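Next comes protein-v8.pdb, with PDB, C-alpha atoms and all ligand atoms.
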ATOM      1  CA  MET Z  29      85.739  22.456  68.637
ATOM      2  CA  PRO Z  30      84.942  19.647  71.075
ATOM      3  CA  PHE Z  31      83.657  16.694  69.078
ATOM      4  CA  VAL Z  32      82.618  13.926  71.434
ATOM      5  CA  LYS Z  33      82.722  10.455  70.000
ATOM      6  CA  PHE Z  34      80.889   7.435  71.312
ATOM      7  CA  ALA Z  35      79.402   4.256  69.955
ATOM      8  CA  LEU Z  36      76.043   4.192  68.195
ATOM      9  CA  GLY Z  37      73.457   3.797  70.975
ATOM     10  CA  THR Z  38      70.495   1.496  70.441
ATOM     11  CA  ALA Z  39      68.416   3.752  72.703
ATOM     12  CA  ALA Z  40      69.014   6.694  70.388
ATOM     13  CA  LEU Z  41      68.063   4.589  67.388
ATOM     14  CA  ALA Z  42      64.917   3.375  69.102
ATOM     15  CA  ALA Z  43      63.973   6.964  69.912
ATOM     16  CA  ALA Z  44      64.347   7.921  66.268
ATOM     17  CA  VAL Z  45      61.875   5.215  65.307
ATOM     18  CA  VAL Z  46      59.064   6.834  67.273
ATOM     19  CA  ALA Z  47      56.731   8.694  64.972
ATOM     20  CA  THR Z  48      53.736  10.503  66.349
ATOM     21  CA  VAL Z  49      51.488  13.200  65.057
ATOM     22  CA  ALA Z  50      51.648  16.052  67.484
ATOM     23  CA  ALA Z  51      49.557  18.848  66.063
ATOM     24  CA  VAL Z  52      47.062  20.286  68.528
ATOM     25  CA  ASP Z  53      44.365  22.706  67.422
ATOM     26  CA  ARG Z  54      43.142  25.195  70.002
ATOM     27  CA  PRO Z  55      40.790  28.143  69.573
ATOM     28  CA  THR Z  56      42.111  31.471  70.928
ATOM     29  CA  SER Z  57      40.957  35.111  70.667
ATOM     30  CA  ALA Z  58      43.168  35.448  67.568
ATOM     31  CA  GLY Z  59      41.609  32.415  65.874
ATOM     32  CA  THR Z  60      42.458  28.735  65.785
ATOM     33  CA  VAL Z  61      46.063  27.956  66.510
ATOM     34  CA  THR Z  62      47.850  24.766  65.511
ATOM     35  CA  ARG Z  63      50.693  23.826  67.819
ATOM     36  CA  VAL Z  64      53.380  21.394  66.738
ATOM     37  CA  ASP Z  65      56.121  20.261  69.104
ATOM     38  CA  PHE Z  66      59.111  18.816  67.235
ATOM     39  CA  ASP Z  67      59.778  16.700  70.336
ATOM     40  CA  LYS Z  68      56.549  14.826  69.578
ATOM     41  CA  ALA Z  69      56.377  15.136  65.786
ATOM     42  CA  VAL Z  70      59.541  13.081  65.265
ATOM     43  CA  ARG Z  71      59.954  11.853  61.696
ATOM     44  CA  LEU Z  72      60.240   8.121  61.204
ATOM     45  CA  THR Z  73      63.845   7.409  60.136
ATOM     46  CA  THR Z  74      63.727   3.574  60.070
ATOM     47  CA  PRO Z  75      63.923   1.853  57.660
ATOM     48  CA  ALA Z  76      64.192   5.196  55.838
ATOM     49  CA  TYR Z  77      63.404   8.829  56.628
ATOM     50  CA  ASP Z  78      59.674   9.240  55.990
ATOM     51  CA  ALA Z  79      59.574  11.330  52.791
ATOM     52  CA  SER Z  80      55.779  11.592  52.627
ATOM     53  CA  LEU Z  81      54.346  15.033  53.139
ATOM     54  CA  PRO Z  82      50.961  15.577  54.796
ATOM     55  CA  PRO Z  83      49.017  18.750  53.915
ATOM     56  CA  ALA Z  84      49.283  21.923  55.985
ATOM     57  CA  GLY Z  85      46.767  22.286  58.807
ATOM     58  CA  PRO Z  86      43.790  24.645  58.380
ATOM     59  CA  ALA Z  87      44.632  27.098  61.191
ATOM     60  CA  HIS Z  88      46.009  30.489  60.100
ATOM     61  CA  ILE Z  89      48.250  30.706  63.154
ATOM     62  CA  LYS Z  90      50.793  27.953  63.487
ATOM     63  CA  GLU Z  91      53.121  27.559  66.430
ATOM     64  CA  PHE Z  92      56.210  25.388  66.374
ATOM     65  CA  ARG Z  93      58.360  24.356  69.316
ATOM     66  CA  ILE Z  94      61.752  23.320  67.988
ATOM     67  CA  PRO Z  95      64.248  21.737  70.391
ATOM     68  CA  ILE Z  96      67.931  21.735  69.418
ATOM     69  CA  LYS Z  97      69.547  18.532  70.579
ATOM     70  CA  ASP Z  98      72.556  16.308  69.960
ATOM     71  CA  ALA Z  99      71.602  12.905  68.540
ATOM     72  CA  THR Z 100      73.183   9.767  67.147
ATOM     73  CA  ILE Z 101      72.059   9.245  63.571
ATOM     74  CA  ARG Z 102      72.976   6.926  60.700
ATOM     75  CA  ILE Z 103      74.431   8.670  57.636
ATOM     76  CA  ALA Z 104      74.832   5.409  55.669
ATOM     77  CA  ASP Z 105      73.564   1.869  56.159
ATOM     78  CA  SER Z 106      75.563   0.987  59.260
ATOM     79  CA  VAL Z 107      77.512   4.187  59.803
ATOM     80  CA  GLY Z 108      76.714   6.028  63.013
ATOM     81  CA  TYR Z 109      77.406   9.734  63.442
ATOM     82  CA  GLU Z 110      77.075  12.160  66.336
ATOM     83  CA  ALA Z 111      74.928  14.907  64.853
ATOM     84  CA  TRP Z 112      73.631  18.288  65.983
ATOM     85  CA  THR Z 113      69.917  18.438  65.171
ATOM     86  CA  PHE Z 114      66.616  20.241  65.199
ATOM     87  CA  GLY Z 115      64.240  17.760  66.810
ATOM     88  CA  GLY Z 116      66.558  14.731  66.969
ATOM     89  CA  THR Z 117      66.709  13.736  63.279
ATOM     90  CA  VAL Z 118      68.618  14.902  60.195
ATOM     91  CA  PRO Z 119      66.935  16.573  58.509
ATOM     92  CA  GLY Z 120      64.480  17.716  61.168
ATOM     93  CA  PRO Z 121      60.700  17.492  60.679
ATOM     94  CA  VAL Z 122      59.092  19.358  57.799
ATOM     95  CA  LEU Z 123      57.336  22.565  58.740
ATOM     96  CA  ARG Z 124      54.399  23.230  56.423
ATOM     97  CA  VAL Z 125      52.141  26.290  56.315
ATOM     98  CA  ARG Z 126      50.043  28.273  53.842
ATOM     99  CA  GLN Z 127      50.946  31.602  52.311
ATOM    100  CA  GLY Z 128      49.637  34.305  54.639
ATOM    101  CA  ASP Z 129      49.776  32.188  57.782
ATOM    102  CA  SER Z 130      51.271  33.618  60.961
ATOM    103  CA  VAL Z 131      54.164  31.459  62.036
ATOM    104  CA  ARG Z 132      55.217  31.502  65.675
ATOM    105  CA  ILE Z 133      58.563  29.982  66.497
ATOM    106  CA  ASN Z 134      59.937  28.832  69.837
ATOM    107  CA  VAL Z 135      63.447  27.357  69.632
ATOM    108  CA  VAL Z 136      64.848  25.748  72.770
ATOM    109  CA  ASN Z 137      68.558  24.955  72.941
ATOM    110  CA  GLU Z 138      68.885  21.643  74.789
ATOM    111  CA  ALA Z 139      72.416  21.067  73.470
ATOM    112  CA  ALA Z 140      75.766  21.863  75.033
ATOM    113  CA  MET Z 141      76.881  24.704  72.768
ATOM    114  CA  PRO Z 142      75.413  27.878  71.272
ATOM    115  CA  HIS Z 143      73.230  27.509  68.197
ATOM    116  CA  SER Z 144      70.701  29.629  66.280
ATOM    117  CA  ILE Z 145      68.008  29.362  63.621
ATOM    118  CA  ASP Z 146      67.647  30.990  60.202
ATOM    119  CA  PHE Z 147      64.374  30.780  58.244
ATOM    120  CA  HIS Z 148      64.829  31.472  54.542
ATOM    121  CA  ALA Z 149      61.028  31.842  54.362
ATOM    122  CA  ALA Z 150      60.997  34.882  56.661
ATOM    123  CA  ARG Z 151      61.409  38.576  56.032
ATOM    124  CA  ILE Z 152      62.679  39.577  59.463
ATOM    125  CA  PRO Z 153      65.595  41.452  61.118
ATOM    126  CA  ALA Z 154      68.230  38.730  61.235
ATOM    127  CA  ASN Z 155      70.210  40.246  64.089
ATOM    128  CA  ILE Z 156      67.219  39.801  66.412
ATOM    129  CA  ALA Z 157      65.452  36.623  65.267
ATOM    130  CA  TYR Z 158      68.587  34.747  64.296
ATOM    131  CA  ARG Z 159      70.714  35.665  67.322
ATOM    132  CA  MET Z 160      72.799  33.126  69.197
ATOM    133  CA  ILE Z 161      70.833  30.885  71.550
ATOM    134  CA  MET Z 162      72.974  29.788  74.495
ATOM    135  CA  PRO Z 163      72.586  26.315  76.062
ATOM    136  CA  ARG Z 164      69.352  26.106  78.136
ATOM    137  CA  ASP Z 165      68.191  29.390  76.563
ATOM    138  CA  SER Z 166      65.365  29.797  74.037
ATOM    139  CA  ILE Z 167      64.145  32.310  71.496
ATOM    140  CA  GLN Z 168      60.657  33.261  70.354
ATOM    141  CA  PHE Z 169      59.676  35.240  67.277
ATOM    142  CA  ALA Z 170      56.905  35.345  64.694
ATOM    143  CA  PHE Z 171      56.600  36.135  61.008
ATOM    144  CA  VAL Z 172      54.013  36.001  58.264
ATOM    145  CA  ALA Z 173      54.781  33.439  55.541
ATOM    146  CA  ARG Z 174      54.366  35.947  52.688
ATOM    147  CA  ASP Z 175      56.199  34.062  49.956
ATOM    148  CA  PRO Z 176      55.239  30.612  48.684
ATOM    149  CA  GLY Z 177      58.037  28.137  48.228
ATOM    150  CA  ALA Z 178      60.265  25.309  49.356
ATOM    151  CA  PHE Z 179      62.608  26.854  51.879
ATOM    152  CA  LEU Z 180      65.641  25.899  53.920
ATOM    153  CA  VAL Z 181      65.750  26.397  57.680
ATOM    154  CA  HIS Z 182      69.189  26.030  59.280
ATOM    155  CA  CYS Z 183      71.491  26.948  62.110
ATOM    156  CA  GLY Z 184      73.462  30.097  61.336
ATOM    157  CA  THR Z 185      76.013  29.976  64.131
ATOM    158  CA  PRO Z 186      79.625  30.391  62.953
ATOM    159  CA  PRO Z 187      81.242  28.504  61.507
ATOM    160  CA  VAL Z 188      78.005  27.902  59.603
ATOM    161  CA  LEU Z 189      79.810  25.314  57.481
ATOM    162  CA  MET Z 190      80.362  23.206  60.586
ATOM    163  CA  HIS Z 191      76.822  23.562  61.960
ATOM    164  CA  LEU Z 192      75.397  22.563  58.585
ATOM    165  CA  MET Z 193      77.693  19.582  58.080
ATOM    166  CA  GLN Z 194      76.661  18.460  61.566
ATOM    167  CA  GLY Z 195      73.019  18.213  60.458
ATOM    168  CA  MET Z 196      71.303  21.413  61.560
ATOM    169  CA  TYR Z 197      68.648  21.908  58.898
ATOM    170  CA  PHE Z 198      65.118  21.081  57.821
ATOM    171  CA  ALA Z 199      62.633  22.085  55.129
ATOM    172  CA  MET Z 200      59.791  24.563  55.336
ATOM    173  CA  ILE Z 201      57.013  24.450  52.741
ATOM    174  CA  VAL Z 202      54.778  27.465  52.164
ATOM    175  CA  ASP Z 203      51.813  26.468  49.996
ATOM    176  CA  PRO Z 204      50.684  29.220  47.586
ATOM    177  CA  LYS Z 205      47.428  30.939  48.548
ATOM    178  CA  GLY Z 206      45.723  29.657  45.415
ATOM    179  CA  GLY Z 207      47.264  26.202  45.593
ATOM    180  CA  TRP Z 208      49.756  24.647  43.208
ATOM    181  CA  GLY Z 209      47.529  24.724  40.115
ATOM    182  CA  THR Z 210      47.295  20.946  39.921
ATOM    183  CA  THR Z 211      46.146  18.165  42.202
ATOM    184  CA  ALA Z 212      48.974  15.896  43.294
ATOM    185  CA  ASP Z 213      48.219  12.303  44.223
ATOM    186  CA  LYS Z 214      51.431  12.074  46.245
ATOM    187  CA  GLU Z 215      53.832  14.614  47.685
ATOM    188  CA  PHE Z 216      57.367  13.954  48.886
ATOM    189  CA  ILE Z 217      60.062  15.966  50.625
ATOM    190  CA  LEU Z 218      63.683  15.396  49.599
ATOM    191  CA  VAL Z 219      66.403  17.354  51.373
ATOM    192  CA  GLN Z 220      69.810  16.936  49.753
ATOM    193  CA  SER Z 221      72.919  17.507  51.871
ATOM    194  CA  GLU Z 222      76.508  16.354  52.348
ATOM    195  CA  PHE Z 223      78.404  14.788  55.201
ATOM    196  CA  TYR Z 224      82.122  15.380  55.628
ATOM    197  CA  ALA Z 225      83.331  12.469  57.693
ATOM    198  CA  ARG Z 226      86.086   9.907  58.119
ATOM    199  CA  PRO Z 227      85.948   6.460  59.725
ATOM    200  CA  ALA Z 228      86.071   6.538  63.511
ATOM    201  CA  SER Z 229      88.500   4.388  65.487
ATOM    202  CA  ASN Z 230      85.772   1.766  66.065
ATOM    203  CA  ALA Z 231      85.527   1.284  62.265
ATOM    204  CA  HIS Z 232      81.721   1.271  61.940
ATOM    205  CA  ASP Z 233      81.047   4.870  62.889
ATOM    206  CA  ALA Z 234      82.205   8.090  61.285
ATOM    207  CA  GLN Z 235      83.476  11.299  62.759
ATOM    208  CA  PRO Z 236      83.420  14.845  61.405
ATOM    209  CA  ALA Z 237      86.192  16.024  59.072
ATOM    210  CA  PHE Z 238      85.962  19.812  58.975
ATOM    211  CA  ALA Z 239      89.066  20.194  56.793
ATOM    212  CA  ASP Z 240      87.308  18.067  54.148
ATOM    213  CA  ALA Z 241      84.292  20.387  54.337
ATOM    214  CA  THR Z 242      86.439  23.436  53.627
ATOM    215  CA  LYS Z 243      87.653  21.647  50.467
ATOM    216  CA  LYS Z 244      84.119  20.454  49.491
ATOM    217  CA  ASP Z 245      85.412  16.874  49.640
ATOM    218  CA  ALA Z 246      82.237  15.099  50.775
ATOM    219  CA  ALA Z 247      82.223  11.527  52.081
ATOM    220  CA  TYR Z 248      78.465  11.159  51.537
ATOM    221  CA  VAL Z 249      75.927  13.110  49.501
ATOM    222  CA  VAL Z 250      72.443  12.142  50.608
ATOM    223  CA  PHE Z 251      68.703  12.644  50.314
ATOM    224  CA  ASN Z 252      66.995  13.019  53.696
ATOM    225  CA  GLY Z 253      70.081  12.329  55.777
ATOM    226  CA  ARG Z 254      71.282   8.875  54.758
ATOM    227  CA  ALA Z 255      73.159   7.561  51.711
ATOM    228  CA  PHE Z 256      71.178   5.318  49.343
ATOM    229  CA  GLN Z 257      68.290   4.793  51.804
ATOM    230  CA  TYR Z 258      65.609   4.888  49.085
ATOM    231  CA  LYS Z 259      67.327   2.208  47.015
ATOM    232  CA  ALA Z 260      66.284  -0.453  49.501
ATOM    233  CA  ASN Z 261      63.128   1.478  50.471
ATOM    234  CA  PRO Z 262      61.747   3.052  47.282
ATOM    235  CA  LEU Z 263      59.184   5.830  47.272
ATOM    236  CA  GLU Z 264      55.934   4.167  46.222
ATOM    237  CA  VAL Z 265      53.384   5.640  43.839
ATOM    238  CA  ASP Z 266      50.576   4.278  41.686
ATOM    239  CA  VAL Z 267      50.364   4.192  37.909
ATOM    240  CA  GLY Z 268      48.709   7.414  36.779
ATOM    241  CA  ASP Z 269      49.762   9.425  39.829
ATOM    242  CA  ARG Z 270      50.786  13.039  39.592
ATOM    243  CA  VAL Z 271      53.643  13.373  42.041
ATOM    244  CA  ARG Z 272      55.032  16.582  43.525
ATOM    245  CA  PHE Z 273      58.571  16.586  44.874
ATOM    246  CA  PHE Z 274      59.762  19.368  47.166
ATOM    247  CA  VAL Z 275      63.542  19.319  46.802
ATOM    248  CA  VAL Z 276      65.444  21.489  49.263
ATOM    249  CA  ASN Z 277      69.220  21.641  49.219
ATOM    250  CA  ALA Z 278      70.880  22.159  52.608
ATOM    251  CA  GLY Z 279      74.365  21.864  51.095
ATOM    252  CA  PRO Z 280      76.428  23.083  52.831
ATOM    253  CA  ASN Z 281      78.486  23.282  49.630
ATOM    254  CA  LEU Z 282      77.200  21.356  46.617
ATOM    255  CA  ASP Z 283      74.395  22.121  44.181
ATOM    256  CA  SER Z 284      71.866  19.418  43.334
ATOM    257  CA  ASP Z 285      71.057  18.696  39.682
ATOM    258  CA  PHE Z 286      67.738  16.962  40.219
ATOM    259  CA  HIS Z 287      66.624  14.446  37.612
ATOM    260  CA  ILE Z 288      64.406  11.365  37.403
ATOM    261  CA  VAL Z 289      65.654   8.642  35.061
ATOM    262  CA  GLY Z 290      62.786   7.734  32.720
ATOM    263  CA  ALA Z 291      60.615  10.771  33.428
ATOM    264  CA  ILE Z 292      60.329  14.401  32.381
ATOM    265  CA  PHE Z 293      59.060  17.067  34.751
ATOM    266  CA  ASP Z 294      55.754  18.511  33.516
ATOM    267  CA  ARG Z 295      56.284  21.483  35.761
ATOM    268  CA  VAL Z 296      59.205  22.931  37.679
ATOM    269  CA  TYR Z 297      58.745  25.834  40.070
ATOM    270  CA  PRO Z 298      62.156  27.378  40.811
ATOM    271  CA  ASP Z 299      62.254  28.479  44.465
ATOM    272  CA  GLY Z 300      58.887  26.761  44.814
ATOM    273  CA  ASP Z 301      56.800  29.654  43.481
ATOM    274  CA  PRO Z 302      54.277  28.696  40.745
ATOM    275  CA  VAL Z 303      54.753  32.164  39.223
ATOM    276  CA  HIS Z 304      58.160  30.860  38.094
ATOM    277  CA  ALA Z 305      56.694  27.817  36.344
ATOM    278  CA  LEU Z 306      58.679  26.007  33.672
ATOM    279  CA  ARG Z 307      57.297  23.186  31.485
ATOM    280  CA  SER Z 308      58.886  19.972  30.182
ATOM    281  CA  VAL Z 309      62.194  19.993  32.032
ATOM    282  CA  GLN Z 310      64.714  17.123  32.144
ATOM    283  CA  THR Z 311      67.058  18.323  34.919
ATOM    284  CA  TYR Z 312      66.945  21.412  37.091
ATOM    285  CA  PRO Z 313      69.490  22.695  39.604
ATOM    286  CA  VAL Z 314      68.678  23.271  43.247
ATOM    287  CA  PRO Z 315      71.315  25.577  44.733
ATOM    288  CA  ALA Z 316      72.747  25.098  48.194
ATOM    289  CA  GLY Z 317      70.380  27.133  50.346
ATOM    290  CA  GLY Z 318      67.529  26.847  47.847
ATOM    291  CA  GLY Z 319      64.447  24.792  47.066
ATOM    292  CA  VAL Z 320      62.583  23.797  43.912
ATOM    293  CA  VAL Z 321      59.217  22.087  43.383
ATOM    294  CA  PHE Z 322      59.063  19.396  40.682
ATOM    295  CA  GLU Z 323      55.980  17.686  39.270
ATOM    296  CA  THR Z 324      55.708  14.694  37.010
ATOM    297  CA  THR Z 325      53.067  12.110  36.123
ATOM    298  CA  PHE Z 326      53.592   8.361  36.006
ATOM    299  CA  LYS Z 327      51.047   7.657  33.258
ATOM    300  CA  ALA Z 328      50.522   4.253  31.702
ATOM    301  CA  ASN Z 329      52.193   4.059  28.261
ATOM    302  CA  GLU Z 330      54.549   6.865  29.299
ATOM    303  CA  SER Z 331      56.458   6.694  32.573
ATOM    304  CA  GLY Z 332      54.156   3.900  33.714
ATOM    305  CA  GLU Z 333      54.622   0.829  35.867
ATOM    306  CA  GLY Z 334      58.300   0.362  36.642
ATOM    307  CA  ILE Z 335      61.308   1.482  38.633
ATOM    308  CA  TYR Z 336      62.703   4.996  38.319
ATOM    309  CA  ALA Z 337      65.817   6.474  39.897
ATOM    310  CA  PHE Z 338      65.922  10.016  41.236
ATOM    311  CA  VAL Z 339      69.416  11.459  41.331
ATOM    312  CA  THR Z 340      71.568  14.477  41.356
ATOM    313  CA  HIS Z 341      72.874  14.245  37.808
ATOM    314  CA  SER Z 342      76.261  15.376  39.086
ATOM    315  CA  PHE Z 343      77.268  11.732  39.243
ATOM    316  CA  ALA Z 344      80.282  11.945  41.526
ATOM    317  CA  ASP Z 345      77.710  13.046  44.113
ATOM    318  CA  ALA Z 346      75.112  10.424  43.138
ATOM    319  CA  ASP Z 347      77.807   7.762  43.606
ATOM    320  CA  LYS Z 348      78.314   9.037  47.164
ATOM    321  CA  GLY Z 349      74.691   8.344  48.060
ATOM    322  CA  ALA Z 350      72.413  10.890  46.351
ATOM    323  CA  VAL Z 351      70.333   8.364  44.431
ATOM    324  CA  GLY Z 352      67.036   6.743  45.310
ATOM    325  CA  MET Z 353      64.253   4.746  43.683
ATOM    326  CA  ILE Z 354      60.598   5.328  42.888
ATOM    327  CA  ARG Z 355      58.473   2.223  42.439
ATOM    328  CA  VAL Z 356      55.459   2.853  40.226
ATOM    329  CA  GLY Z 357      52.742   0.248  40.536
ATOM    330  CA  ALA Z 358      53.905  -3.325  41.103
ATOM    331  CA  PRO Z 359      56.528  -4.087  38.444
ATOM    332  CA  LYS Z 360      57.444  -7.754  38.127
ATOM    333  CA  GLN Z 361      61.050  -7.113  37.344
ATOM    334  CA  TYR Z 362      62.614  -5.224  40.222
ATOM    335  CA  VAL Z 363      65.992  -3.488  39.932
ATOM    336  CA  THR Z 364      67.841  -4.051  36.681
ATOM    337  CA  MET Z 365      69.212  -0.547  36.363
ATOM    338  CA  ALA Z 366      72.808   0.521  36.554
ATOM    339  CA  HIS Z 367      71.952   3.725  38.464
TER
HETATM  340 CU    CU Z 401      74.218  25.222  65.363
END
Translate this file's structure into structure tokens.
Amino acid sequence: MPFVKFALGTAALAAAVVATVAAVDRPTSAGTVTRVDFDKAVRLTTPAYDASLPPAGPAHIKEFRIPIKDATIRIADSVGYEAWTFGGTVPGPVLRVRQGDSVRINVVNEAAMPHSIDFHAARIPANIAYRMIMPRDSIQFAFVARDPGAFLVHCGTPPVLMHLMQGMYFAMIVDPKGGWGTTADKEFILVQSEFYARPASNAHDAQPAFADATKKDAAYVVFNGRAFQYKANPLEVDVGDRVRFFVVNAGPNLDSDFHIVGAIFDRVYPDGDPVHALRSVQTYPVPAGGGVVFETTFKANESGEGIYAFVTHSFADADKGAVGMIRVGAPKQYVTMAH
């Protein structure tokens, strides 16, 4: 497999900093259509991947143009990596719709090798929708988002292990028809994944190590594409907030055991369907290829003003980067925790 290695380009980094809202609503004979182009809806990745999650648009038909492109990303503080991406970031942008919406997909392969796309949210003949897309080719298909949940979208081109470790995934949220049953003050997306990489010859970048991936020997385990990025850039919420976390696990190999130090989840929706609701949960696993919705409240006199760590409680993985911070209110004492 031809891995091309070159130094971390400042132009690529600058491009990743651009964040624009690119949804365009247009009335058609079939009703209002929202169009989102992942080329224009690039997620902010500096100083950290933007984990905030805006609500789904009102249109019942949603179109998404998803370019596949090679991009230089940072998988740890100053570690550059040549990734394969949907939309230029790892993970790609979040695709959010409502249960019952028609979802129209247009995937354009702007990269140098064949790729494909696999929507876990779709009930669709895989041999047609998920076929190989050759370089400069594209694919179009549509499906109805029938099942609510937090879903993985990924490249399914063999070896899938390699295309996943290279960064080809993003999250898709399908909001339940009747809503989530509560009103969240803040919503966040957290995509856990692993990178299998070894130092490159220039010492500050990393290059892929496929043999390590076959042994599940990860170099980094991360939330939203970069080790430890929410330690220096905590998620911020207010005292009293109800917060909903959409945790999707892209793997490719490891489960996530999601936990917040100092909090208990009021509600956990395995697979992201409120019909599956659990109450008062300390830790809940998110399988590779799965997604779970977690809710907790940061009430005064309970989990009030302070600093909280979110982790995979499988601590060998947390130590490789899968730990971040939540800052509730404006605590005077900042980080005094061992996590
Ligand atoms: Cu691929």
Just want the residues within 9 Å of ligand CU 401 (chain Z), written as number ranges by chain, counting all atoms listed in the file. Z: 96, 112-113, 141-145, 160, 182-188, 190-192, 194-196
Nearest-residue call for Z:Glu91, choices Z:Phe293, Z:Phe169, Z:Phe147, Z:Tyr158, using all atoms listed in the file: Z:Phe169
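Among the candidates Z:Leu306, Z:Val107, Z:Ala79, Z:Val320, the one nearest to Z:Gln235 when counting all atoms listed in the file is Z:Val107.
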Tell me, as JSON, numbers by chain, which residues lie within 9 Å of Z:Ala316, counting all atoms listed in the file; anything in the same chain fewer than 6 positions away does not count. {"Z": [220, 221, 276, 277, 278, 279, 280, 281, 282, 283, 284]}
Just say which residues the PyMOL selection byres (((chain Z and resi 263) around 8) and not hetatm) picks in this file, as a list in words.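 On the file shown, the PyMOL selection byres (((chain Z and resi 263) around 8) and not hetatm) covers Ala79, Tyr258, Asn261, Pro262, Glu264, Val265, Met353, Ile354 and Arg355 of chain Z.
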Just the residues within 9 Å of stretch 336-344 of chain Z, please, counting only C-alpha atoms, with nothing from its chain fewer than 5 positions along; format it as a list in words.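 Close residues of stretch 336-344 of chain Z: Gln220, Lys259, Asp283, Ser284, Asp285, Phe286, His287, Ile288, Val289, Gly290, Ala291, Thr311, Pro313, Ser331, Ala350, Val351, Gly352, Met353, Ile354, Arg355, Val356, Met365 and His367 of chain Z.
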Could you name the residues that touch Z:Val303 at 12 Å or less, counting all atoms listed in the file, but leaving out those on the same chain fewer than 6 positions away, as a ChimeraX atom specification? /Z:175-177,204-209,295-297,321
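For the set Z:Gly318, Z:Gly349, Z:Pro95, Z:Gly357, the residue with the smallest atom-to-atom gap to Z:Glu333 is Z:Gly357, counting only C-alpha atoms.
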On this file, the PyMOL selection byres (((chain Z and resi 111) around 12) and not hetatm) gives some set of residues; write that set as number ranges by chain. Z: 31-34, 36, 40, 96-103, 108-110, 112-120, 139, 190-197, 223-225, 233-236, 253
Shortest interatomic distance to Z:Gln168 - which of Z:Phe92, Z:Phe216, Z:Tyr77, Z:Phe326, counting all atoms listed in the file: Z:Phe92
Please identify all polymer residues within 9 Å of Z:Ala358, counting all atoms listed in the file, omitting same-chain residues fewer than 4 positions from it, and present them as a list in words. Asp266, Val267, Glu333, Gly334 and Tyr362 of chain Z
What is the distance between atom CA of Z:Val249 and atom CA of Z:Thr324, in Å to one decimal?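 These two atoms are separated by 23.8 Å.
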Just give me the gap between atom CA of Z:Arg272 and atom CA of Z:Arg132 in Å, one decimal is fine.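 Result for atom CA of Z:Arg272 versus atom CA of Z:Arg132: 26.7 Å, one decimal.
Taking atom CA of Z:Asp129 as the reference point, atom CA of Z:Leu72 is found at 26.5 Å.
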Kindly resolve the PyMOL selection byres (((chain Z and resi 172) around 6) and not hetatm) on the present coordinates and return the residues as a ChimeraX atom specification. /Z:128-131,171,173-174
May I have the residues at most 10 Å from (52.7, 23.3, 51.8) in the file's coordinates, counting all atoms listed in the file, as a short mmCIF file (atom, residue, chain, number, x, y, z; two decimals) with C-alpha atoms, in the frame of the given file?
data_model
loop_
_atom_site.label_atom_id
_atom_site.label_comp_id
_atom_site.auth_asym_id
_atom_site.auth_seq_id
_atom_site.Cartn_x
_atom_site.Cartn_y
_atom_site.Cartn_z
CA LEU Z 81 54.35 15.03 53.14
CA PRO Z 82 50.96 15.58 54.80
CA PRO Z 83 49.02 18.75 53.92
CA ALA Z 84 49.28 21.92 55.98
CA GLY Z 85 46.77 22.29 58.81
CA VAL Z 122 59.09 19.36 57.80
CA LEU Z 123 57.34 22.56 58.74
CA ARG Z 124 54.40 23.23 56.42
CA VAL Z 125 52.14 26.29 56.32
CA ARG Z 126 50.04 28.27 53.84
CA GLN Z 127 50.95 31.60 52.31
CA PRO Z 176 55.24 30.61 48.68
CA GLY Z 177 58.04 28.14 48.23
CA ALA Z 178 60.26 25.31 49.36
CA MET Z 200 59.79 24.56 55.34
CA ILE Z 201 57.01 24.45 52.74
CA VAL Z 202 54.78 27.46 52.16
CA ASP Z 203 51.81 26.47 50.00
CA PRO Z 204 50.68 29.22 47.59
CA LYS Z 205 47.43 30.94 48.55
CA GLY Z 207 47.26 26.20 45.59
CA TRP Z 208 49.76 24.65 43.21
CA GLU Z 215 53.83 14.61 47.68
CA PHE Z 274 59.76 19.37 47.17
CA GLY Z 300 58.89 26.76 44.81
#
So that all listed atoms of stretch 128-145 of chain Z fit with 3 Å spare on each side, what axis-aligned box centre and edge lengths in Å, to one decimal, would you give as AutoDock Vina command-line options?
--center_x 63.3 --center_y 27.7 --center_z 64.8 --size_x 33.2 --size_y 19.2 --size_z 26.4
